[in-house]
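A quick write-up on the structure given underneath.
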Amino acid sequence: HDLKLGQCIHAYIRANPNFHLAEGVQSAILIGNGSGMAGLLSHIKQRVATEHYQNWLIYGERQQAFDAIFADELHELQSQGKIAEIDRVFSRDGFAEKYVQDVLVVKKAELIDWLEQGACLYICGSLNMAKAVDATLQEILGIEQLHTLRKAGRYRRDVY
């Protein structure tokens, strides 16, 4: 907000070795919001490149009219069968499912089925979203199951 046109900014890339793709995982559930799309989309592209198409993206933003980033690319990947399912929610558009955790509640049976078949969960985005997703997953799966997923490396997060 404070930069002037042409002014430089100093930044760095921070690695998160705990957020890399798990080896041998056939299915991935990718959940995120905001700039978390960067991490999720890179995972999707890597999975597509290795011909792993059992991908479910659950992604939230504020308004569809302004925040539907990568919508065309994601739609194309889904129409090609490279993403099995996409659920996009927009918190300020007045729909019942406003947040990514709302999708998890509505699609509880599908979530459980994917996890029973060995899916890995990847969460990327804001800390507030991640806390809400974590709480919802605890309600749906139970704290022990969530702990088991973490311990097995099937619940990976990159949150900020």
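We label chains A, B, ... in the order they appear in the structure tokens, count residues from 1 in each chain, and number ligands from 1 in the order shown.
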
Residues of stretch 105-144 of chain A at most 9 Å from stretch 38-60 of chain A: nearest atom pair and distance in Å, only C-alpha atoms, as a tab-separated table:
residue	atom	partner	partner_atom	distance
A:Ala119	CA	A:Gln54	CA	8.9
A:Tyr122	CA	A:Leu40	CA	7.6
A:Ile123	CA	A:Leu40	CA	8.0
A:Cys124	CA	A:Gly39	CA	6.5
A:Gly125	CA	A:Gly39	CA	8.4

What does the file look like for those residues with N, CA and C atoms, as a PDB file, in the first residue's frame?
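Once everything was written out, this is selection19.pdb:
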ATOM      1  N   ALA A 119      -7.017 -40.475   0.167  1.00  0.00           N
ATOM      2  CA  ALA A 119      -6.713 -39.103  -0.244  1.00  0.00           C
ATOM      3  C   ALA A 119      -5.870 -38.385   0.801  1.00  0.00           C
ATOM      4  N   TYR A 122      -4.581 -31.137   1.565  1.00  0.00           N
ATOM      5  CA  TYR A 122      -3.639 -30.028   1.487  1.00  0.00           C
ATOM      6  C   TYR A 122      -4.415 -28.743   1.768  1.00  0.00           C
ATOM      7  N   ILE A 123      -3.977 -27.996   2.791  1.00  0.00           N
ATOM      8  CA  ILE A 123      -4.641 -26.759   3.169  1.00  0.00           C
ATOM      9  C   ILE A 123      -3.660 -25.616   2.940  1.00  0.00           C
ATOM     10  N   CYS A 124      -4.102 -24.578   2.188  1.00  0.00           N
ATOM     11  CA  CYS A 124      -3.211 -23.463   1.894  1.00  0.00           C
ATOM     12  C   CYS A 124      -4.008 -22.163   1.885  1.00  0.00           C
ATOM     13  N   GLY A 125      -3.563 -21.212   2.689  1.00  0.00           N
ATOM     14  CA  GLY A 125      -4.239 -19.924   2.742  1.00  0.00           C
ATOM     15  C   GLY A 125      -4.130 -19.314   4.120  1.00  0.00           C
TER      16      GLY A 125
END

Practice prompt. Select from chain A everything DSSP, run on the backbone, classes as helix (DSSP H, G or I), then give the selection as a PyMOL selection string.
Written response: chain A and resi 17-19+34-49+64-67+71-79+100-106+108-116+127-141+143-151

Item to complete: Mind giving me the straight-line distance from atom CA of A:Lys108 to atom CA of A:Asn16 in Å, one decimal?
Response: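 Taking atom CA of A:Lys108 as the start and atom CA of A:Asn16 as the end point, the length is 28.7 Å.
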
Discussion item. What's the separation between atom CA of A:Asp134 and atom CA of A:Glu73, in Å to one decimal place?
Written reply: 28.1 Å

Discussion item. Based on the backbone DSSP call, show me all residues of chain A assigned strand (DSSP E), as a PyMOL selection string.
Written reply: chain A and resi 27-33+54-61+85-90+120-125+155-159

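Distance-wise, atom CA of A:Gly34 and atom CA of A:Gln145 end up 27.4 Å apart.
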